[in-house]
Protein chains: 2
Amino acid sequence: MPRKPRSSKSPMVSFSSKGEAVSLKQLAAHLNLSTTTLSLVLNDAPTAVSIPQETKDRIFSAARELNYRPNYLARSLRVQRTHTFGVIVPELSDGYSSMVLNGVEAVLSTKGYFYLTASHLHREDLLVDLPRMLAERQVDGFIAVDTPIRFEPNLPTVNVSGHENVPGVTNVILNHQHAAELGIGHLYNLGHRNIAVIKGQEFSSDTGVRFDTICAAAAKRQIPIDKRLTIQLSGDSPSPEVGYLAMKSLLATGEKFTAVFAFNDISAIGAIRALEEMGLRVPADVSVLGFDDIYAAAFHNPALTTIRQPLFEMGSLAARTLLERLTEGEDAGIPEVLSVEPTLIVRNSTGRVTQAG
Amino acid sequence: MPRKPRSSKSPMVSFSSKGEAVSLKQLAAHLNLSTTTLSLVLNDAPTAVSIPQETKDRIFSAARELNYRPNYLARSLRVQRTHTFGVIVPELSDGYSSMVLNGVEAVLSTKGYFYLTASHLHREDLLVDLPRMLAERQVDGFIAVDTPIRFEPNLPTVNVSGHENVPGVTNVILNHQHAAELGIGHLYNLGHRNIAVIKGQEFSSDTGVRFDTICAAAAKRQIPIDKRLTIQLSGDSPSPEVGYLAMKSLLATGEKFTAVFAFNDISAIGAIRALEEMGLRVPADVSVLGFDDIYAAAFHNPALTTIRQPLFEMGSLAARTLLERLTEGEDAGIPEVLSVEPTLIVRNSTGRVTQAG
DNA sequence: TCGTTTTAGTAAATCGTTTTAGTAGCATTT
DNA sequence: AAATGCTACTAAAACGATTTACTAAAACGA
């Protein structure tokens, strides 16, 4: 039985080779085949073995000629998978998130995945709304970066630098104890005994462990961290200013110290600025130790000695883990914690202690 | 005619309040209403005036109770709009792109839009493949950042720092002439007459204009840029190293100069490192002028004098423009060029010339 | 009382795919 | 000659919304 005439589309060459998108249905009409056949052939489905090569070639060349582009929306709706992740970060331009994202993207791009980015800016409302909105867009999973989990993780989730123990969430974390050992050990070996510590902002998920492990490493060496030499960052600007202000206020107390263990490179840079403004040279008078090893660290003046976090690797590990959880299924149990190792990078912002503080 | 029995779903209270997603169909069955009615009410369609408030309330509260979440995929497929943009950048962690993205996101998040990010890494294949893949995912438009357009822009496109004249593409660009005037003017006023220039990498879209406008501004002041004092960045690392290497090789030539106009802050920082390694003080012996005003610029040592590009604003302008092109329709004609103004930020890396170079 | 309008909805088509369950025709067994 | 198996396909039902084009009943107007 002949199909009902399709408004005479078939014989026309119709679409210009560089024209608008043509749908599978149009392509099928053009070829006098069913969309079923086209779909099977184009996706190289197992069933397609019975389709003769000649037909396949016809389909392929027509697809090329009419510039057929599958509509991912329709496909995703049908197969219930979007090949898209939702990535939630505090902020984009802090140097930290973008390094992690780089690692995420390096992995995803090789697997045909894309990701939607959303910044929560430390706002509680966004911490619950963004995941919901991303879920409505049917992302296959979440990657959170330094972000508290304020949502029911009913989708596979990996949190980079997450310290909460949420069922269903895999945490990718630095070996903080090792990091503290490296940092305090380095300063200790240089002769420092009065070490100031710049704590992270309250909202940063690393703040707690970072400080605790540093205190433990110091106590272990009989040089407990003095409360009066501890100062906390405040304000959520991603600029060194927060470190600058923190150091200013520490200096104002008049307490003596020969070294500073900063929460991150950004605040270390700010702290150095404050120290130099007071006429203190780095590292001659005060050593400053950073954390993270962002690009700027190596080229700061003085070049920053720092504890390197492998941010790119943490991002790619997060992405690989999420992909695995998706393809392997969760039956095998989901990993709770994946740990990566820090490295001490010695540059010029730390030095041997000269006179007692 | 009664609908065929639906495996007895209707009377059960079924889904737990915090359960899996329920579809509109299920919600409708639960309420003994049609999906049509629900859709009209939930979307507050004009037709819904005839639905009594009582029914509306029933729908709203059931939606809340059963935790109804519209499936954006299905909706987008139907309405042919995804409220999603594709954003194409060279690389994420160069400090530049992420600032622009920040601006983009600030605007999009208030409008219910999301975006997919893709990095082309200056690879020709990705420059043509990524836009196609994003188009298959039915993005509503493109925002490109410092990216050559290697695709038929059959979707509304805005290019930040684009200098090609592609029909259908709106370019958001800095007023380069003004920028060059500010920079050269500043150095000239400080007494500099022998100014070295660090050109950008070949792949950067600003490289050409930046250099030409600088030369023009210098020529206008009778101090034409000497070819032997011009050096070009090479390599696509986003670290200051490229600037360091460039300055090293310039210094190796033995040519004399009292100031350097760098392509951007990153390369300025690298150049300063190279200069200081040679025992030249900045700014006492050589002034260094940066470009962009990334976060690190203010806290570098010495703090960078630089030409500020309003990157955040460029991103948000791009996003606003794209949204407008979408809602207004293209009938009114599309803007070809939107220009933003640079600012001179004077800090400590430039100073009055002391002895003739 | 008859015709019209309003009210309160609904059935079915649609978006562009994938996938399940066939089927018609031919060749090969038994 | 009936049964079986292959080959080369296809019809129709998903996926989960939106939207067009209705309709039955009630209210209203003359």
# chains A, B, ... in the order shown; residues from 1 in each chain; ligands from 1

$ interface_residues --of "chain D" --to "chain A" --cutoff "7 Å" --atoms "only C-alpha atoms (C1' of nucleotides)" --output "list in words"
DT7, DA8, DT10 and DC15 of chain D

$ calpha_fit_and_write --fixed "chain A" --moving "chain B" --output "short mmCIF file (atom, residue, chain, number, x, y, z; two decimals) with C-alpha atoms, in the first residue's frame"
data_model
loop_
_atom_site.label_atom_id
_atom_site.label_comp_id
_atom_site.auth_asym_id
_atom_site.auth_seq_id
_atom_site.Cartn_x
_atom_site.Cartn_y
_atom_site.Cartn_z
CA MET B 1 -2.25 1.61 3.22
CA PRO B 2 -0.46 4.60 1.74
CA ARG B 3 0.48 7.32 4.19
CA LYS B 4 -1.49 10.48 3.79
CA PRO B 5 0.18 12.82 1.31
CA ARG B 6 2.86 14.91 2.99
CA SER B 7 2.36 18.14 1.16
CA SER B 8 4.49 16.80 -1.68
CA LYS B 9 7.80 16.99 0.17
CA SER B 10 9.22 13.66 -0.93
CA PRO B 11 10.34 14.15 -4.50
CA MET B 12 11.87 17.58 -4.13
CA VAL B 13 15.59 17.73 -3.51
CA SER B 14 14.51 20.42 -1.12
CA PHE B 15 17.08 21.45 1.49
CA SER B 16 20.21 23.16 0.37
CA SER B 17 23.28 21.27 1.44
CA LYS B 18 24.18 23.87 4.07
CA GLY B 19 20.59 24.51 5.09
CA GLU B 20 18.58 24.28 8.23
CA ALA B 21 18.47 21.17 10.33
CA VAL B 22 16.59 18.27 8.79
CA SER B 23 14.84 15.78 11.04
CA LEU B 24 15.06 12.04 10.90
CA LYS B 25 11.53 11.94 9.57
CA GLN B 26 12.39 14.19 6.68
CA LEU B 27 15.48 12.19 5.94
CA ALA B 28 13.42 9.01 5.98
CA ALA B 29 10.86 10.50 3.62
CA HIS B 30 13.62 11.56 1.30
CA LEU B 31 14.96 8.02 1.22
CA ASN B 32 11.61 6.26 1.18
CA LEU B 33 12.58 4.38 4.29
CA SER B 34 11.20 4.37 7.79
CA THR B 35 12.72 6.31 10.66
CA THR B 36 13.18 2.98 12.37
CA THR B 37 15.61 1.81 9.73
CA LEU B 38 17.51 5.06 9.77
CA SER B 39 17.79 5.07 13.51
CA LEU B 40 19.06 1.51 13.58
CA VAL B 41 21.62 2.15 10.90
CA LEU B 42 22.81 5.52 12.13
CA ASN B 43 23.26 4.24 15.66
CA ASP B 44 24.82 1.02 14.46
CA ALA B 45 22.34 -1.03 16.47
CA PRO B 46 22.86 -4.81 16.61
CA THR B 47 19.59 -5.31 14.73
CA ALA B 48 21.06 -3.45 11.80
CA VAL B 49 23.09 -6.47 10.66
CA SER B 50 20.27 -7.50 8.39
CA ILE B 51 20.34 -4.19 6.52
CA PRO B 52 22.48 -4.54 3.38
CA GLN B 53 25.52 -2.34 3.11
CA GLU B 54 24.13 -0.65 0.04
CA THR B 55 21.15 0.66 1.97
CA LYS B 56 23.39 1.73 4.81
CA ASP B 57 25.54 3.68 2.43
CA ARG B 58 22.52 5.36 0.93
CA ILE B 59 21.47 6.40 4.42
CA PHE B 60 24.88 7.66 5.42
CA SER B 61 25.38 9.69 2.31
CA ALA B 62 21.90 11.18 2.45
CA ALA B 63 22.47 12.09 6.09
CA ARG B 64 25.66 13.84 5.11
CA GLU B 65 24.14 15.52 2.10
CA LEU B 66 21.07 16.84 3.83
CA ASN B 67 23.18 17.75 6.81
CA TYR B 68 21.25 15.65 9.26
CA ARG B 69 21.94 16.53 12.91
CA PRO B 70 20.25 14.38 15.53
CA ASN B 71 18.27 16.35 18.04
CA TYR B 72 19.86 15.57 21.36
CA LEU B 73 16.80 16.73 23.25
CA ALA B 74 14.57 14.21 21.60
CA ARG B 75 17.09 11.46 21.97
CA SER B 76 17.71 12.26 25.62
CA LEU B 77 14.01 12.34 26.34
CA ARG B 78 13.64 8.90 24.90
CA VAL B 79 16.69 7.21 26.36
CA GLN B 80 16.39 9.00 29.68
CA ARG B 81 19.97 10.13 29.72
CA THR B 82 21.31 13.54 28.77
CA HIS B 83 25.06 13.02 28.92
CA THR B 84 25.16 16.27 30.82
CA PHE B 85 26.31 16.95 34.36
CA GLY B 86 25.46 19.79 36.65
CA VAL B 87 28.50 21.44 38.20
CA ILE B 88 28.01 23.60 41.26
CA VAL B 89 30.77 25.94 42.37
CA PRO B 90 30.96 28.81 44.85
CA GLU B 91 32.27 31.25 42.27
CA LEU B 92 34.05 31.03 38.99
CA SER B 93 36.88 33.46 39.19
CA ASP B 94 38.65 32.38 42.34
CA GLY B 95 41.29 30.41 40.46
CA TYR B 96 40.39 27.34 42.45
CA SER B 97 37.09 26.34 40.85
CA SER B 98 38.29 26.98 37.36
CA MET B 99 41.27 24.68 37.82
CA VAL B 100 38.96 21.94 39.04
CA LEU B 101 36.57 22.62 36.16
CA ASN B 102 39.47 22.30 33.78
CA GLY B 103 40.07 18.79 35.04
CA VAL B 104 36.39 17.97 34.85
CA GLU B 105 36.14 19.16 31.31
CA ALA B 106 39.27 17.36 30.18
CA VAL B 107 37.60 14.07 31.08
CA LEU B 108 34.06 14.84 30.00
CA SER B 109 35.02 16.13 26.59
CA THR B 110 36.54 12.79 25.68
CA LYS B 111 33.30 11.03 26.62
CA GLY B 112 30.81 13.19 24.79
CA TYR B 113 29.55 14.76 27.98
CA PHE B 114 28.89 18.42 28.61
CA TYR B 115 28.14 20.24 31.83
CA LEU B 116 26.03 23.10 33.07
CA THR B 117 27.77 25.40 35.54
CA ALA B 118 26.04 27.17 38.38
CA SER B 119 27.53 29.41 41.06
CA HIS B 120 25.93 29.47 44.48
CA LEU B 121 27.87 32.49 45.78
CA HIS B 122 27.53 31.02 49.28
CA ARG B 123 23.84 31.83 49.26
CA GLU B 124 21.67 29.38 51.15
CA ASP B 125 18.73 29.77 48.77
CA LEU B 126 20.86 28.98 45.74
CA LEU B 127 22.33 25.97 47.50
CA VAL B 128 18.90 24.38 47.43
CA ASP B 129 17.47 25.93 44.25
CA LEU B 130 20.34 25.33 41.84
CA PRO B 131 20.43 21.55 42.28
CA ARG B 132 16.68 21.44 41.77
CA MET B 133 16.86 23.52 38.60
CA LEU B 134 19.66 21.38 37.26
CA ALA B 135 17.72 18.25 38.09
CA GLU B 136 14.73 19.60 36.16
CA ARG B 137 17.06 19.89 33.23
CA GLN B 138 17.66 16.19 33.67
CA VAL B 139 21.37 16.25 34.33
CA ASP B 140 22.75 12.74 34.83
CA GLY B 141 24.64 13.69 37.97
CA PHE B 142 26.22 16.43 40.04
CA ILE B 143 29.75 17.56 40.63
CA ALA B 144 29.97 19.98 43.51
CA VAL B 145 33.13 21.93 44.26
CA ASP B 146 33.76 23.15 47.77
CA THR B 147 30.03 23.27 48.26
CA PRO B 148 27.83 22.13 51.14
CA ILE B 149 25.22 19.59 50.09
CA ARG B 150 21.86 21.13 50.89
CA PHE B 151 19.82 18.86 48.70
CA GLU B 152 18.62 15.29 48.63
CA PRO B 153 21.22 13.67 46.36
CA ASN B 154 18.81 11.50 44.39
CA LEU B 155 21.25 11.81 41.52
CA PRO B 156 24.82 10.48 41.63
CA THR B 157 26.92 13.19 43.21
CA VAL B 158 30.63 13.79 43.70
CA ASN B 159 31.79 16.59 45.95
CA VAL B 160 35.29 17.96 45.51
CA SER B 161 36.61 19.09 48.87
CA GLY B 162 33.47 18.00 50.64
CA HIS B 163 33.75 17.00 54.25
CA GLU B 164 30.17 16.15 55.09
CA ASN B 165 29.22 12.54 55.17
CA VAL B 166 26.13 12.47 53.03
CA PRO B 167 24.90 9.08 51.84
CA GLY B 168 25.10 8.90 48.08
CA VAL B 169 27.82 11.52 47.82
CA THR B 170 31.39 10.62 46.96
CA ASN B 171 33.89 13.05 48.45
CA VAL B 172 37.13 13.80 46.64
CA ILE B 173 39.42 15.21 49.27
CA LEU B 174 42.99 16.12 49.83
CA ASN B 175 44.95 14.18 52.39
CA HIS B 176 44.80 17.05 54.83
CA GLN B 177 46.80 15.41 57.51
CA HIS B 178 49.63 14.91 55.10
CA ALA B 179 49.31 18.49 53.90
CA ALA B 180 49.54 19.84 57.41
CA GLU B 181 52.54 17.63 58.14
CA LEU B 182 54.30 18.90 55.04
CA GLY B 183 53.59 22.52 55.86
CA ILE B 184 54.31 22.52 59.57
CA GLY B 185 57.23 20.17 59.05
CA HIS B 186 58.75 22.53 56.52
CA LEU B 187 58.40 25.55 58.79
CA TYR B 188 59.62 23.59 61.79
CA ASN B 189 62.69 22.42 59.95
CA LEU B 190 63.50 26.00 59.08
CA GLY B 191 63.53 26.76 62.77
CA HIS B 192 60.15 28.41 63.14
CA ARG B 193 58.49 28.00 66.52
CA ASN B 194 55.99 30.84 66.56
CA ILE B 195 53.72 30.17 63.65
CA ALA B 196 50.68 32.26 62.87
CA VAL B 197 47.79 30.58 61.09
CA ILE B 198 45.27 32.18 58.77
CA LYS B 199 42.05 30.18 58.95
CA GLY B 200 39.72 30.03 55.99
CA GLN B 201 36.32 31.65 55.82
CA GLU B 202 33.55 29.97 57.74
CA PHE B 203 31.82 28.94 54.51
CA SER B 204 34.75 27.11 53.01
CA SER B 205 34.45 23.40 53.53
CA ASP B 206 38.18 22.93 54.02
CA THR B 207 38.42 25.45 56.84
CA GLY B 208 37.75 23.05 59.69
CA VAL B 209 40.03 20.14 58.79
CA ARG B 210 42.74 22.40 57.53
CA PHE B 211 42.99 24.14 60.87
CA ASP B 212 42.63 21.02 62.97
CA THR B 213 45.30 19.09 61.12
CA ILE B 214 47.68 22.05 61.30
CA CYS B 215 47.15 22.28 65.05
CA ALA B 216 47.72 18.55 65.39
CA ALA B 217 50.92 18.64 63.35
CA ALA B 218 52.19 21.56 65.42
CA ALA B 219 51.25 19.98 68.73
CA LYS B 220 53.07 16.83 67.72
CA ARG B 221 56.22 18.93 67.49
CA GLN B 222 55.62 20.57 70.86
CA ILE B 223 54.88 23.94 69.28
CA PRO B 224 51.13 24.23 69.73
CA ILE B 225 49.49 26.96 67.68
CA ASP B 226 48.85 29.97 69.86
CA LYS B 227 45.23 31.15 69.78
CA ARG B 228 46.46 34.73 69.64
CA LEU B 229 48.34 33.92 66.45
CA THR B 230 45.24 32.57 64.76
CA ILE B 231 43.17 34.78 62.56
CA GLN B 232 40.23 33.99 60.35
CA LEU B 233 39.47 35.28 56.87
CA SER B 234 36.16 37.03 56.40
CA GLY B 235 34.36 38.31 53.36
CA ASP B 236 33.84 36.33 50.21
CA SER B 237 35.83 38.32 47.69
CA PRO B 238 38.11 36.09 45.66
CA SER B 239 40.87 38.71 45.84
CA PRO B 240 43.93 38.77 48.09
CA GLU B 241 42.34 41.63 49.95
CA VAL B 242 40.78 39.33 52.53
CA GLY B 243 44.24 38.01 53.42
CA TYR B 244 45.61 41.52 53.50
CA LEU B 245 42.97 42.64 55.96
CA ALA B 246 43.41 39.57 58.12
CA MET B 247 47.15 40.08 58.37
CA LYS B 248 46.68 43.78 59.09
CA SER B 249 44.54 42.99 62.07
CA LEU B 250 46.93 40.32 63.30
CA LEU B 251 49.83 42.76 63.08
CA ALA B 252 47.78 45.31 64.97
CA THR B 253 47.73 43.01 67.99
CA GLY B 254 51.50 43.27 68.28
CA GLU B 255 51.93 39.54 68.74
CA LYS B 256 55.27 38.13 67.58
CA PHE B 257 55.69 35.35 65.02
CA THR B 258 58.27 34.26 62.48
CA ALA B 259 56.09 32.40 60.06
CA VAL B 260 52.57 32.39 58.68
CA PHE B 261 50.68 29.37 57.40
CA ALA B 262 48.03 30.86 55.14
CA PHE B 263 44.74 29.24 54.20
CA ASN B 264 45.49 29.55 50.51
CA ASP B 265 47.75 31.28 48.02
CA ILE B 266 45.39 34.16 47.50
CA SER B 267 45.34 35.06 51.17
CA ALA B 268 49.10 34.45 51.41
CA ILE B 269 49.64 37.05 48.72
CA GLY B 270 47.47 39.52 50.59
CA ALA B 271 49.28 38.74 53.83
CA ILE B 272 52.65 39.39 52.24
CA ARG B 273 51.43 42.76 51.09
CA ALA B 274 50.37 43.63 54.63
CA LEU B 275 53.67 42.45 56.07
CA GLU B 276 55.74 44.46 53.63
CA GLU B 277 53.68 47.53 54.30
CA MET B 278 54.79 47.19 57.91
CA GLY B 279 58.39 47.03 56.80
CA LEU B 280 58.70 43.30 57.40
CA ARG B 281 60.56 41.46 54.67
CA VAL B 282 59.43 38.08 53.36
CA PRO B 283 61.10 35.70 53.99
CA ALA B 284 63.92 37.48 55.83
CA ASP B 285 61.73 38.61 58.72
CA VAL B 286 58.65 36.46 58.28
CA SER B 287 58.14 33.30 56.26
CA VAL B 288 54.82 32.87 54.48
CA LEU B 289 53.49 29.50 53.40
CA GLY B 290 50.61 29.32 50.93
CA PHE B 291 48.21 26.55 49.96
CA ASP B 292 46.84 25.34 46.58
CA ASP B 293 49.61 26.36 44.18
CA ILE B 294 47.53 28.40 41.81
CA TYR B 295 49.25 29.76 38.69
CA ALA B 296 49.99 33.08 40.32
CA ALA B 297 51.94 31.42 43.15
CA ALA B 298 55.04 30.68 41.11
CA PHE B 299 55.28 34.16 39.72
CA HIS B 300 54.48 36.16 42.73
CA ASN B 301 57.29 38.18 44.20
CA PRO B 302 58.60 36.51 46.28
CA ALA B 303 57.60 33.25 44.63
CA LEU B 304 55.31 31.43 47.01
CA THR B 305 56.32 28.36 48.91
CA THR B 306 53.08 26.44 49.03
CA ILE B 307 51.29 23.15 49.56
CA ARG B 308 50.13 22.05 46.17
CA GLN B 309 46.65 20.64 45.79
CA PRO B 310 46.29 18.71 42.53
CA LEU B 311 43.16 20.63 41.56
CA PHE B 312 43.11 19.54 37.94
CA GLU B 313 43.46 15.92 39.00
CA MET B 314 40.76 16.34 41.62
CA GLY B 315 38.43 17.60 38.92
CA SER B 316 39.23 14.82 36.53
CA LEU B 317 38.99 12.22 39.28
CA ALA B 318 35.57 13.58 40.20
CA ALA B 319 34.43 13.38 36.61
CA ARG B 320 35.79 9.88 36.10
CA THR B 321 34.18 8.70 39.29
CA LEU B 322 30.82 10.12 38.37
CA LEU B 323 30.99 8.53 34.94
CA GLU B 324 31.81 5.22 36.54
CA ARG B 325 28.98 5.45 39.00
CA LEU B 326 26.74 6.00 36.01
CA THR B 327 27.95 3.19 33.82
CA GLU B 328 28.77 0.58 36.43
CA GLY B 329 25.55 1.17 38.27
CA GLU B 330 25.46 1.73 42.00
CA ASP B 331 25.00 -1.90 42.94
CA ALA B 332 28.65 -2.42 43.63
CA GLY B 333 28.40 0.23 46.34
CA ILE B 334 29.54 3.77 45.89
CA PRO B 335 32.90 5.07 46.98
CA GLU B 336 32.59 7.38 49.97
CA VAL B 337 35.96 9.05 49.95
CA LEU B 338 38.68 9.37 47.36
CA SER B 339 41.83 10.92 48.62
CA VAL B 340 44.58 12.72 46.73
CA GLU B 341 48.02 13.69 47.93
CA PRO B 342 49.45 17.17 48.43
CA THR B 343 52.99 18.19 47.54
CA LEU B 344 55.26 20.71 49.18
CA ILE B 345 56.54 23.22 46.66
CA VAL B 346 59.45 25.14 48.09
CA ARG B 347 60.04 28.56 46.58
CA ASN B 348 61.13 31.87 48.04
CA SER B 349 58.53 33.00 50.53
CA THR B 350 59.86 30.82 53.33
CA GLY B 351 63.32 30.80 54.81
CA ARG B 352 65.37 29.83 57.81
CA VAL B 353 64.49 31.73 60.93
CA THR B 354 67.12 34.37 61.72
CA GLN B 355 66.57 35.77 65.19
CA ALA B 356 64.13 34.49 67.77
CA GLY B 357 60.69 35.97 67.07
#

$ interface_residues --of "chain C" --to "chain B" --cutoff "8 Å" --atoms "only C-alpha atoms (C1' of nucleotides)" --output "PyMOL selection string"
chain C and resi 7-10+14-16

$ write_last_selection --atoms "C-alpha atoms (C1' of nucleotides)" --output "tab-separated table (two decimals), in the first residue's frame"
chain	number	residue	atom	x	y	z
C	7	DT	C1'	-17.69	27.92	32.44
C	8	DA	C1'	-14.95	24.09	33.13
C	9	DG	C1'	-12.88	21.40	31.36
C	10	DT	C1'	-10.92	17.33	27.71
C	14	DT	C1'	2.78	17.66	18.45
C	15	DC	C1'	7.91	18.22	19.43
C	16	DG	C1'	12.00	14.42	17.39

$ select_by_dssp --residues "stretch 174-350 of chain A" --states "alpha helix (DSSP H)" --output "MDAnalysis selection string"
chainID A and resid 176:189 207:220 241:252 265:277 295:299 311:328

$ atom_distance --atom1 "atom C1' of C:DT1" --atom2 "atom C1' of D:DC22"
26.8 Å

$ residues_around --residues "C:DA13" --least-positions-apart "4" --cutoff "12 Å" --atoms "only C-alpha atoms (C1' of nucleotides)" --output "PyMOL selection string"
(chain B and resi 78) or (chain D and resi 18-21)

$ write_last_selection --atoms "C-alpha atoms (C1' of nucleotides)" --output "short mmCIF file (atom, residue, chain, number, x, y, z; two decimals), in the first residue's frame"
data_model
loop_
_atom_site.label_atom_id
_atom_site.label_comp_id
_atom_site.auth_asym_id
_atom_site.auth_seq_id
_atom_site.Cartn_x
_atom_site.Cartn_y
_atom_site.Cartn_z
CA ARG B 78 7.72 21.03 22.70
"C1'" DT D 18 2.40 22.14 25.53
"C1'" DT D 19 -1.22 23.58 22.60
"C1'" DT D 20 -5.06 23.52 19.36
"C1'" DA D 21 -9.49 22.53 18.76
#

$ atom_distance --atom1 "atom C1' of C:DT19" --atom2 "atom C1' of D:DT4"
26.0 Å

$ select_by_dssp --residues "stretch 188-326 of chain A" --states "strand (DSSP E or B)" --output "MDAnalysis selection string"
chainID A and resid 195:199 230:232 259:261 287:292 305:308

$ write_last_selection --atoms "N, CA and C atoms" --output "PDB file, in the first residue's frame"
ATOM      1  N   ILE A 195      54.469  30.215  64.969  1.00  0.00           N
ATOM      2  CA  ILE A 195      53.830  30.196  63.653  1.00  0.00           C
ATOM      3  C   ILE A 195      52.406  30.729  63.745  1.00  0.00           C
ATOM      4  N   ALA A 196      52.142  31.749  62.945  1.00  0.00           N
ATOM      5  CA  ALA A 196      50.779  32.267  62.867  1.00  0.00           C
ATOM      6  C   ALA A 196      50.005  31.469  61.824  1.00  0.00           C
ATOM      7  N   VAL A 197      48.715  31.347  62.046  1.00  0.00           N
ATOM      8  CA  VAL A 197      47.891  30.585  61.109  1.00  0.00           C
ATOM      9  C   VAL A 197      46.711  31.429  60.656  1.00  0.00           C
ATOM     10  N   ILE A 198      46.544  31.498  59.344  1.00  0.00           N
ATOM     11  CA  ILE A 198      45.367  32.180  58.804  1.00  0.00           C
ATOM     12  C   ILE A 198      44.322  31.125  58.482  1.00  0.00           C
ATOM     13  N   LYS A 199      43.254  31.119  59.239  1.00  0.00           N
ATOM     14  CA  LYS A 199      42.140  30.179  59.003  1.00  0.00           C
ATOM     15  C   LYS A 199      41.293  30.629  57.819  1.00  0.00           C
ATOM     16  N   THR A 230      46.308  33.131  65.779  1.00  0.00           N
ATOM     17  CA  THR A 230      45.365  32.575  64.817  1.00  0.00           C
ATOM     18  C   THR A 230      44.404  33.660  64.380  1.00  0.00           C
ATOM     19  N   ILE A 231      44.209  33.743  63.085  1.00  0.00           N
ATOM     20  CA  ILE A 231      43.294  34.773  62.615  1.00  0.00           C
ATOM     21  C   ILE A 231      42.469  34.192  61.473  1.00  0.00           C
ATOM     22  N   GLN A 232      41.211  34.586  61.413  1.00  0.00           N
ATOM     23  CA  GLN A 232      40.337  33.983  60.417  1.00  0.00           C
ATOM     24  C   GLN A 232      39.983  34.966  59.315  1.00  0.00           C
ATOM     25  N   ALA A 259      56.692  33.079  61.248  1.00  0.00           N
ATOM     26  CA  ALA A 259      56.168  32.440  60.042  1.00  0.00           C
ATOM     27  C   ALA A 259      54.653  32.489  60.038  1.00  0.00           C
ATOM     28  N   VAL A 260      54.089  32.431  58.832  1.00  0.00           N
ATOM     29  CA  VAL A 260      52.633  32.419  58.665  1.00  0.00           C
ATOM     30  C   VAL A 260      52.263  31.253  57.763  1.00  0.00           C
ATOM     31  N   PHE A 261      51.308  30.459  58.233  1.00  0.00           N
ATOM     32  CA  PHE A 261      50.761  29.385  57.406  1.00  0.00           C
ATOM     33  C   PHE A 261      49.398  29.890  56.925  1.00  0.00           C
ATOM     34  N   SER A 287      58.446  34.282  57.304  1.00  0.00           N
ATOM     35  CA  SER A 287      58.193  33.325  56.222  1.00  0.00           C
ATOM     36  C   SER A 287      56.689  33.202  56.007  1.00  0.00           C
ATOM     37  N   VAL A 288      56.300  33.069  54.750  1.00  0.00           N
ATOM     38  CA  VAL A 288      54.872  32.881  54.465  1.00  0.00           C
ATOM     39  C   VAL A 288      54.689  31.631  53.604  1.00  0.00           C
ATOM     40  N   LEU A 289      53.814  30.776  54.071  1.00  0.00           N
ATOM     41  CA  LEU A 289      53.547  29.525  53.368  1.00  0.00           C
ATOM     42  C   LEU A 289      52.119  29.553  52.834  1.00  0.00           C
ATOM     43  N   GLY A 290      51.984  29.300  51.546  1.00  0.00           N
ATOM     44  CA  GLY A 290      50.654  29.318  50.928  1.00  0.00           C
ATOM     45  C   GLY A 290      50.042  27.928  50.846  1.00  0.00           C
ATOM     46  N   PHE A 291      48.940  27.845  50.131  1.00  0.00           N
ATOM     47  CA  PHE A 291      48.255  26.568  49.970  1.00  0.00           C
ATOM     48  C   PHE A 291      47.501  26.599  48.640  1.00  0.00           C
ATOM     49  N   ASP A 292      47.561  25.548  47.876  1.00  0.00           N
ATOM     50  CA  ASP A 292      46.863  25.353  46.602  1.00  0.00           C
ATOM     51  C   ASP A 292      47.825  25.254  45.423  1.00  0.00           C
ATOM     52  N   THR A 305      56.252  29.754  48.422  1.00  0.00           N
ATOM     53  CA  THR A 305      56.356  28.367  48.879  1.00  0.00           C
ATOM     54  C   THR A 305      54.937  27.955  49.254  1.00  0.00           C
ATOM     55  N   THR A 306      54.532  26.772  48.826  1.00  0.00           N
ATOM     56  CA  THR A 306      53.115  26.436  49.008  1.00  0.00           C
ATOM     57  C   THR A 306      52.896  24.926  49.047  1.00  0.00           C
ATOM     58  N   ILE A 307      51.749  24.552  49.571  1.00  0.00           N
ATOM     59  CA  ILE A 307      51.336  23.150  49.538  1.00  0.00           C
ATOM     60  C   ILE A 307      50.447  22.985  48.316  1.00  0.00           C
ATOM     61  N   ARG A 308      50.904  22.204  47.390  1.00  0.00           N
ATOM     62  CA  ARG A 308      50.154  22.071  46.143  1.00  0.00           C
ATOM     63  C   ARG A 308      48.994  21.098  46.307  1.00  0.00           C
TER      64      ARG A 308
END
